[in-house]
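Right, one structure below, let's go through it.
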Amino acid sequence: MTVTRELLAYYEQDREHGRLRAGRDRLEFWRTQDVLRRSLRPAPARVLDVGGGTGVHAEWLVADGYEVELLDPVPLHVERASELAGVTARLGDARELPVPDASVDAVLLLGPLYHLAERSDRVRALAEARRAVRPGGLVAAATINRYAAVHDTVHTGAYTEERQREAAHAAAKRGIMLSPGRGFSAYFHDPDEVPDEFADAGLPAAERYGLEGAFWLYGDIDEWLDDPERRTLLLDAQRSMESVPSLLGVSGHLLTIARRPGAP
């Protein structure tokens with residue numbers, strides 16, 4: 001993706017390092033981990049973590065026995081990820097992966113599609129992932145759902161602010177979220193768009209998983225996540241309805257998975 005000054009300035013604040021490690025965003029983290037652990041081939045296997053930030057997912061993948069290379073366009077993220085034991089990290093662009101054809105067992109795009117506003121760029125990133133993965137290998141991509149900003153701003157109370165409200169409804173209508181104060185945009189998908197983008201990249205039969213369900217909007221979500229027993233029940237509850245079509249768009253994020261055609 002094109003790293004604008006505004007995008008770089010935002011991520012150089014190091015906000016991404018702690019985002020999935022605290023608060024209700026832990027639900028996104030644990031659900032992503034849950035779906036991937038059920039979908040990835042058993043370790044040892046080689047995983048390319050594209051747009052992997054500071055290594056929040058790379059860290060547990062290495063602990064599970066995977067060989068992980070992380071690519072990210074933000075120098076600070078690469079520096080932080082390089083400090084993790086067993087993680088190789090370097091600068092890279094999701095649309096032009098610096099790896100040979102069919103050289104990895106899985107490619108994770110757990111963020112790049114948020115920042116690719118043009119459909120052609122998103123398809124190109126998915127096609128690059130298909131090129132890099134071995135036949136039968138897995139491509140997984142995270143997307144932000146179209147109405148996430150409306151849900152989120154109501155939950156946080158920011159919906160009462162006119163600028164926030166207008167930005168949230170603009171994202172719901174057109175898919176482009178211009179966050180007030182951030183200076184850069186993000187793309188919010190309609191859940192039904194995602195399989196078509198995968199198919200156009202040569203990745204048919206994509207499967208979609210709603211990560212948070214409606215639970216991320218509950219006022220007591222942190223209490224559930226803080227208690228290991230209640231957290232297990234919550235994760236089980238969302239797993240039971242993670243792919244129900246009528247519920248996919250309620251989640252803040254969608255994880256879509258497909259395999260490169262061909263025998264492994």
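Ordering of the structure tokens sets the chain letters (A, B, ...); residue numbers start at 1 within each chain; ligands are numbered from 1 in the order shown.
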Margin query: When you look at Thr153 of chain A with a cut-off of 12 Å (counting only C-alpha atoms), what residues show up, excluding the ones that are within fewer than 2 positions of it in the same chain? I need them as an MDAnalysis selection string.
Written below: chainID A and resid 147:151 155:169 179 217 252
Within 8 Å of segment 133-141 of chain A, which residues of segment 90-124 of chain A come that close, and what is the closest atom pair and distance in Å for each? Count only C-alpha atoms and give it as CSV.
residue,atom,partner,partner_atom,distance
A:Asp101,CA,A:Val133,CA,7.0
A:Ala102,CA,A:Arg134,CA,4.0
A:Ser103,CA,A:Val133,CA,5.9
A:Val104,CA,A:Val133,CA,4.9
A:Asp105,CA,A:Gly137,CA,5.0
A:Ala106,CA,A:Leu138,CA,4.6
A:Val107,CA,A:Val139,CA,4.9
A:Leu108,CA,A:Ala140,CA,5.0
A:Leu109,CA,A:Ala141,CA,4.5
A:Leu110,CA,A:Ala141,CA,5.4
A:Gly111,CA,A:Ala141,CA,7.5
A:Leu113,CA,A:Ala141,CA,7.5
Notebook entry, point to check: Which residues, written as a PyMOL selection string, have at least one atom at most 9 Å from segment 65-74 of chain A, with only C-alpha atoms counted and residues fewer than 5 positions away on the same chain left out?
Noted result: chain A and resi 1-3+8+11-12+42-55+58-60+79+81-82+86-94+97+112
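Between atom CA of Ala206 of chain A and atom CA of Thr232 of chain A there is a distance of 26.8 Å.
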Note to self: From the options A:Arg130, A:Arg230, A:Arg26, A:Arg146, which residue's atoms come nearest to Val250 of chain A, counting only C-alpha atoms?
What the structure shows: A:Arg146
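The list of residues with at least one atom within 9 Å of segment 194-199 of chain A, based on only C-alpha atoms and without residues fewer than 2 positions apart in the same chain, reads Arg119, Ser120, Arg122, Val123, Leu126, Ala127, Thr143, His189, Asp190, Pro191, Asp192, Ala201, Gly202, Leu203, Pro204, Ala205, Ala206, Glu207, Arg208, Thr256, Ile257 and Ala258 of chain A.
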Would you mind exporting the chosen residues as a compact mmCIF listing (two decimals), in the first residue's frame, restricted to all heavy atoms?
# COMPACT_ATOMS: atom_id res chain seq x y z
N ARG A 119 -10.51 -1.14 -5.32
CA ARG A 119 -10.75 -2.58 -5.42
C ARG A 119 -9.62 -3.28 -6.17
O ARG A 119 -9.21 -4.39 -5.82
CB ARG A 119 -12.08 -2.83 -6.13
CG ARG A 119 -12.50 -4.31 -6.13
CD ARG A 119 -13.82 -4.49 -6.89
NE ARG A 119 -14.35 -5.83 -6.71
CZ ARG A 119 -13.99 -6.90 -7.39
NH1 ARG A 119 -13.05 -6.77 -8.34
NH2 ARG A 119 -14.53 -8.08 -7.17
N SER A 120 -9.10 -2.64 -7.20
CA SER A 120 -8.02 -3.26 -7.99
C SER A 120 -6.80 -3.53 -7.13
O SER A 120 -6.11 -4.55 -7.31
CB SER A 120 -7.64 -2.35 -9.17
OG SER A 120 -7.21 -1.08 -8.71
N ARG A 122 -6.87 -4.14 -3.84
CA ARG A 122 -7.20 -5.23 -2.92
C ARG A 122 -7.11 -6.58 -3.64
O ARG A 122 -6.56 -7.55 -3.10
CB ARG A 122 -8.60 -5.03 -2.33
CG ARG A 122 -8.71 -3.75 -1.49
CD ARG A 122 -9.97 -3.74 -0.65
NE ARG A 122 -11.19 -3.75 -1.44
CZ ARG A 122 -11.79 -2.67 -1.92
NH1 ARG A 122 -11.25 -1.47 -1.74
NH2 ARG A 122 -12.93 -2.77 -2.59
N VAL A 123 -7.62 -6.63 -4.86
CA VAL A 123 -7.53 -7.87 -5.64
C VAL A 123 -6.07 -8.19 -5.94
O VAL A 123 -5.64 -9.35 -5.89
CB VAL A 123 -8.37 -7.76 -6.93
CG1 VAL A 123 -8.12 -8.96 -7.84
CG2 VAL A 123 -9.86 -7.67 -6.58
N LEU A 126 -4.53 -9.75 -2.88
CA LEU A 126 -4.97 -11.13 -2.73
C LEU A 126 -4.33 -12.04 -3.78
O LEU A 126 -3.97 -13.19 -3.49
CB LEU A 126 -6.50 -11.20 -2.84
CG LEU A 126 -7.27 -10.59 -1.65
CD1 LEU A 126 -8.75 -10.41 -2.01
CD2 LEU A 126 -7.12 -11.47 -0.41
N ALA A 127 -4.18 -11.53 -5.01
CA ALA A 127 -3.53 -12.31 -6.06
C ALA A 127 -2.07 -12.57 -5.73
O ALA A 127 -1.53 -13.65 -6.01
CB ALA A 127 -3.67 -11.60 -7.40
N THR A 143 -11.05 -7.97 7.16
CA THR A 143 -11.69 -6.77 6.64
C THR A 143 -12.52 -6.14 7.74
O THR A 143 -12.97 -6.83 8.66
CB THR A 143 -12.59 -7.06 5.42
OG1 THR A 143 -13.49 -8.13 5.75
CG2 THR A 143 -11.76 -7.48 4.22
N HIS A 189 -15.63 -2.91 4.19
CA HIS A 189 -16.28 -3.81 3.24
C HIS A 189 -17.74 -4.13 3.61
O HIS A 189 -18.06 -4.29 4.80
CB HIS A 189 -15.55 -5.16 3.20
CG HIS A 189 -14.34 -5.20 2.34
ND1 HIS A 189 -13.12 -4.72 2.73
CD2 HIS A 189 -14.15 -5.70 1.08
CE1 HIS A 189 -12.23 -4.93 1.78
NE2 HIS A 189 -12.83 -5.52 0.76
N ASP A 190 -18.56 -4.26 2.62
CA ASP A 190 -19.78 -5.03 2.77
C ASP A 190 -19.36 -6.50 2.78
O ASP A 190 -18.55 -6.92 1.93
CB ASP A 190 -20.72 -4.77 1.58
CG ASP A 190 -22.06 -5.47 1.72
OD1 ASP A 190 -22.05 -6.72 1.84
OD2 ASP A 190 -23.10 -4.81 1.70
N PRO A 191 -19.84 -7.32 3.72
CA PRO A 191 -19.40 -8.71 3.78
C PRO A 191 -19.55 -9.48 2.47
O PRO A 191 -18.75 -10.37 2.18
CB PRO A 191 -20.29 -9.32 4.87
CG PRO A 191 -20.59 -8.17 5.77
CD PRO A 191 -20.74 -6.98 4.85
N ASP A 192 -20.56 -9.11 1.66
CA ASP A 192 -20.76 -9.83 0.41
C ASP A 192 -19.77 -9.45 -0.68
O ASP A 192 -19.68 -10.14 -1.70
CB ASP A 192 -22.19 -9.60 -0.09
CG ASP A 192 -23.23 -10.33 0.77
OD1 ASP A 192 -22.86 -11.30 1.44
OD2 ASP A 192 -24.41 -9.90 0.76
N ALA A 201 -9.20 -12.85 -7.56
CA ALA A 201 -7.77 -13.05 -7.34
C ALA A 201 -7.36 -14.51 -7.52
O ALA A 201 -6.21 -14.87 -7.28
CB ALA A 201 -7.39 -12.59 -5.94
N GLY A 202 -8.32 -15.35 -7.97
CA GLY A 202 -8.00 -16.77 -8.18
C GLY A 202 -8.14 -17.61 -6.94
O GLY A 202 -7.54 -18.69 -6.83
N LEU A 203 -8.96 -17.14 -6.00
CA LEU A 203 -9.17 -17.85 -4.74
C LEU A 203 -10.67 -18.09 -4.55
O LEU A 203 -11.36 -17.37 -3.83
CB LEU A 203 -8.61 -17.05 -3.57
CG LEU A 203 -7.09 -16.86 -3.54
CD1 LEU A 203 -6.71 -15.73 -2.60
CD2 LEU A 203 -6.40 -18.17 -3.13
N PRO A 204 -11.21 -19.12 -5.20
CA PRO A 204 -12.65 -19.40 -5.10
C PRO A 204 -12.99 -20.07 -3.76
O PRO A 204 -12.12 -20.45 -2.99
CB PRO A 204 -12.89 -20.34 -6.27
CG PRO A 204 -11.59 -21.08 -6.42
CD PRO A 204 -10.50 -20.07 -6.08
N ALA A 205 -14.28 -20.20 -3.55
CA ALA A 205 -14.81 -20.94 -2.39
C ALA A 205 -14.32 -20.38 -1.05
O ALA A 205 -13.99 -21.12 -0.12
CB ALA A 205 -14.46 -22.43 -2.50
N ALA A 206 -14.28 -19.06 -0.95
CA ALA A 206 -13.84 -18.42 0.29
C ALA A 206 -14.89 -18.62 1.39
O ALA A 206 -16.09 -18.60 1.13
CB ALA A 206 -13.60 -16.93 0.06
N GLU A 207 -14.42 -18.79 2.60
CA GLU A 207 -15.29 -18.96 3.76
C GLU A 207 -15.12 -17.75 4.68
O GLU A 207 -14.01 -17.30 4.94
CB GLU A 207 -14.94 -20.24 4.51
CG GLU A 207 -15.16 -21.49 3.67
CD GLU A 207 -14.81 -22.76 4.43
OE1 GLU A 207 -14.31 -22.65 5.57
OE2 GLU A 207 -15.05 -23.85 3.89
N ARG A 208 -16.25 -17.23 5.19
CA ARG A 208 -16.23 -16.02 6.00
C ARG A 208 -16.55 -16.33 7.46
O ARG A 208 -17.43 -17.15 7.75
CB ARG A 208 -17.24 -15.01 5.45
CG ARG A 208 -16.94 -14.53 4.04
CD ARG A 208 -18.08 -13.71 3.47
NE ARG A 208 -19.29 -14.52 3.31
CZ ARG A 208 -20.48 -14.05 2.99
NH1 ARG A 208 -20.64 -12.74 2.81
NH2 ARG A 208 -21.52 -14.85 2.85
N THR A 256 -11.77 -13.79 6.29
CA THR A 256 -12.14 -14.61 5.13
C THR A 256 -10.94 -15.48 4.76
O THR A 256 -9.81 -15.00 4.72
CB THR A 256 -12.55 -13.72 3.96
OG1 THR A 256 -13.64 -12.88 4.37
CG2 THR A 256 -13.00 -14.56 2.77
N ILE A 257 -11.24 -16.75 4.50
CA ILE A 257 -10.18 -17.74 4.25
C ILE A 257 -10.49 -18.52 2.98
O ILE A 257 -11.63 -18.90 2.73
CB ILE A 257 -10.06 -18.70 5.46
CG1 ILE A 257 -9.48 -17.95 6.67
CG2 ILE A 257 -9.20 -19.91 5.12
CD1 ILE A 257 -9.43 -18.77 7.93
N ALA A 258 -9.47 -18.73 2.18
CA ALA A 258 -9.57 -19.59 1.00
C ALA A 258 -8.23 -20.30 0.81
O ALA A 258 -7.21 -19.90 1.37
CB ALA A 258 -9.92 -18.78 -0.24
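Take atom CA of His57 of chain A and atom CA of Pro180 of chain A: the distance between them is 28.3 Å.
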Note to self: If you run DSSP on the backbone here, which positions in segment 100-133 of chain A get helix (DSSP H, G or I)? Please write them as a PyMOL selection string.
What the structure shows: chain A and resi 112-115+119-132
Check: Of the residues A:Ala170, A:Val62, A:Asn145, A:Ile176, which is the one nearest to Ala117 of chain A, using only C-alpha atoms?
Finding: A:Ile176
Next item on the list: Write down as a PyMOL selection string the residues belonging to segment 73-230 of chain A that are assigned strand (DSSP E) by DSSP computed on the backbone.
Entry: chain A and resi 87-91+104-109+133-145+176-178+185-189+207-210
Keeping only N, CA and C atoms, write those residues as an mmCIF file, in the first residue's frame.
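Saved to part37.cif:
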data_model
loop_
_atom_site.group_PDB
_atom_site.id
_atom_site.type_symbol
_atom_site.label_atom_id
_atom_site.label_comp_id
_atom_site.auth_asym_id
_atom_site.auth_seq_id
_atom_site.Cartn_x
_atom_site.Cartn_y
_atom_site.Cartn_z
ATOM 1 N N VAL A 87 11.012 -14.483 14.998
ATOM 2 C CA VAL A 87 10.295 -13.753 13.943
ATOM 3 C C VAL A 87 11.292 -13.007 13.065
ATOM 4 N N THR A 88 11.199 -13.240 11.757
ATOM 5 C CA THR A 88 11.961 -12.462 10.781
ATOM 6 C C THR A 88 11.049 -11.358 10.263
ATOM 7 N N ALA A 89 11.511 -10.115 10.281
ATOM 8 C CA ALA A 89 10.663 -8.996 9.872
ATOM 9 C C ALA A 89 11.413 -8.073 8.921
ATOM 10 N N ARG A 90 10.690 -7.566 7.912
ATOM 11 C CA ARG A 90 11.268 -6.607 6.974
ATOM 12 C C ARG A 90 10.157 -5.762 6.368
ATOM 13 N N LEU A 91 10.551 -4.650 5.761
ATOM 14 C CA LEU A 91 9.591 -3.785 5.104
ATOM 15 C C LEU A 91 9.016 -4.473 3.871
ATOM 16 N N VAL A 104 5.414 -20.397 0.475
ATOM 17 C CA VAL A 104 4.956 -20.436 1.864
ATOM 18 C C VAL A 104 3.686 -21.281 1.954
ATOM 19 N N ASP A 105 3.376 -21.695 3.161
ATOM 20 C CA ASP A 105 2.190 -22.525 3.385
ATOM 21 C C ASP A 105 0.937 -21.698 3.666
ATOM 22 N N ALA A 106 1.127 -20.465 4.127
ATOM 23 C CA ALA A 106 -0.016 -19.602 4.416
ATOM 24 C C ALA A 106 0.410 -18.145 4.307
ATOM 25 N N VAL A 107 -0.497 -17.319 3.814
ATOM 26 C CA VAL A 107 -0.300 -15.871 3.790
ATOM 27 C C VAL A 107 -1.444 -15.241 4.573
ATOM 28 N N LEU A 108 -1.080 -14.422 5.557
ATOM 29 C CA LEU A 108 -2.064 -13.705 6.362
ATOM 30 C C LEU A 108 -2.053 -12.232 5.977
ATOM 31 N N LEU A 109 -3.228 -11.696 5.697
ATOM 32 C CA LEU A 109 -3.407 -10.277 5.403
ATOM 33 C C LEU A 109 -4.350 -9.722 6.469
ATOM 34 N N VAL A 133 1.633 -18.452 -2.024
ATOM 35 C CA VAL A 133 1.292 -19.645 -1.247
ATOM 36 C C VAL A 133 1.353 -20.889 -2.130
ATOM 37 N N ARG A 134 1.691 -21.990 -1.531
ATOM 38 C CA ARG A 134 1.761 -23.257 -2.260
ATOM 39 C C ARG A 134 0.361 -23.747 -2.616
ATOM 40 N N PRO A 135 0.215 -24.576 -3.666
ATOM 41 C CA PRO A 135 -1.100 -25.168 -3.959
ATOM 42 C C PRO A 135 -1.661 -25.861 -2.725
ATOM 43 N N GLY A 136 -2.915 -25.594 -2.439
ATOM 44 C CA GLY A 136 -3.533 -26.128 -1.230
ATOM 45 C C GLY A 136 -3.275 -25.280 -0.001
ATOM 46 N N GLY A 137 -2.407 -24.272 -0.129
ATOM 47 C CA GLY A 137 -2.086 -23.409 1.000
ATOM 48 C C GLY A 137 -3.179 -22.390 1.271
ATOM 49 N N LEU A 138 -3.089 -21.765 2.415
ATOM 50 C CA LEU A 138 -4.155 -20.914 2.924
ATOM 51 C C LEU A 138 -3.847 -19.434 2.743
ATOM 52 N N VAL A 139 -4.879 -18.681 2.351
ATOM 53 C CA VAL A 139 -4.833 -17.218 2.341
ATOM 54 C C VAL A 139 -5.951 -16.733 3.250
ATOM 55 N N ALA A 140 -5.595 -15.910 4.238
ATOM 56 C CA ALA A 140 -6.579 -15.367 5.178
ATOM 57 C C ALA A 140 -6.475 -13.847 5.180
ATOM 58 N N ALA A 141 -7.609 -13.176 5.077
ATOM 59 C CA ALA A 141 -7.617 -11.714 5.051
ATOM 60 C C ALA A 141 -8.674 -11.171 5.995
ATOM 61 N N ALA A 142 -8.302 -10.171 6.760
ATOM 62 C CA ALA A 142 -9.237 -9.484 7.638
ATOM 63 C C ALA A 142 -9.782 -8.249 6.932
ATOM 64 N N THR A 143 -11.051 -7.971 7.158
ATOM 65 C CA THR A 143 -11.686 -6.765 6.637
ATOM 66 C C THR A 143 -12.520 -6.141 7.744
ATOM 67 N N ILE A 144 -12.711 -4.827 7.649
ATOM 68 C CA ILE A 144 -13.586 -4.115 8.577
ATOM 69 C C ILE A 144 -14.970 -4.052 7.947
ATOM 70 N N ASN A 145 -15.986 -4.328 8.725
ATOM 71 C CA ASN A 145 -17.334 -4.354 8.191
ATOM 72 C C ASN A 145 -17.911 -2.953 7.984
ATOM 73 N N ILE A 176 -15.809 4.255 2.492
ATOM 74 C CA ILE A 176 -14.590 4.996 2.826
ATOM 75 C C ILE A 176 -14.780 5.695 4.167
ATOM 76 N N MET A 177 -13.938 5.323 5.129
ATOM 77 C CA MET A 177 -13.999 5.918 6.453
ATOM 78 C C MET A 177 -12.899 6.953 6.597
ATOM 79 N N LEU A 178 -13.295 8.216 6.679
ATOM 80 C CA LEU A 178 -12.355 9.317 6.916
ATOM 81 C C LEU A 178 -12.450 9.678 8.392
ATOM 82 N N SER A 185 -7.629 7.596 5.297
ATOM 83 C CA SER A 185 -8.877 6.855 5.158
ATOM 84 C C SER A 185 -8.655 5.360 5.332
ATOM 85 N N ALA A 186 -9.754 4.670 5.576
ATOM 86 C CA ALA A 186 -9.748 3.210 5.616
ATOM 87 C C ALA A 186 -10.929 2.726 4.796
ATOM 88 N N TYR A 187 -10.832 1.501 4.292
ATOM 89 C CA TYR A 187 -11.927 0.939 3.509
ATOM 90 C C TYR A 187 -12.702 -0.056 4.352
ATOM 91 N N PHE A 188 -14.031 0.102 4.369
ATOM 92 C CA PHE A 188 -14.924 -0.771 5.111
ATOM 93 C C PHE A 188 -15.732 -1.604 4.109
ATOM 94 N N HIS A 189 -15.633 -2.908 4.193
ATOM 95 C CA HIS A 189 -16.284 -3.808 3.244
ATOM 96 C C HIS A 189 -17.738 -4.126 3.615
ATOM 97 N N GLU A 207 -14.419 -18.795 2.596
ATOM 98 C CA GLU A 207 -15.288 -18.957 3.757
ATOM 99 C C GLU A 207 -15.123 -17.750 4.677
ATOM 100 N N ARG A 208 -16.250 -17.233 5.186
ATOM 101 C CA ARG A 208 -16.231 -16.020 6.000
ATOM 102 C C ARG A 208 -16.554 -16.330 7.458
ATOM 103 N N TYR A 209 -15.867 -15.617 8.342
ATOM 104 C CA TYR A 209 -16.051 -15.800 9.781
ATOM 105 C C TYR A 209 -16.233 -14.430 10.440
ATOM 106 N N GLY A 210 -17.379 -14.202 11.055
ATOM 107 C CA GLY A 210 -17.553 -12.996 11.844
ATOM 108 C C GLY A 210 -16.750 -13.132 13.128
#
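Atom CA of Tyr114 of chain A is positioned 18.5 Å from atom CA of Pro75 of chain A.
Of the residues listed (A:Arg131, A:Ala125, A:Gly18, A:Glu28), A:Gly18 shows the shortest atom-to-atom separation from Arg80 of chain A; distances use only C-alpha atoms.
Each of A:Ala237, A:Ala132, A:Leu61, A:Ile221 was compared to Arg95 of chain A using only C-alpha atoms, and A:Ala132 turns out to be the nearest.
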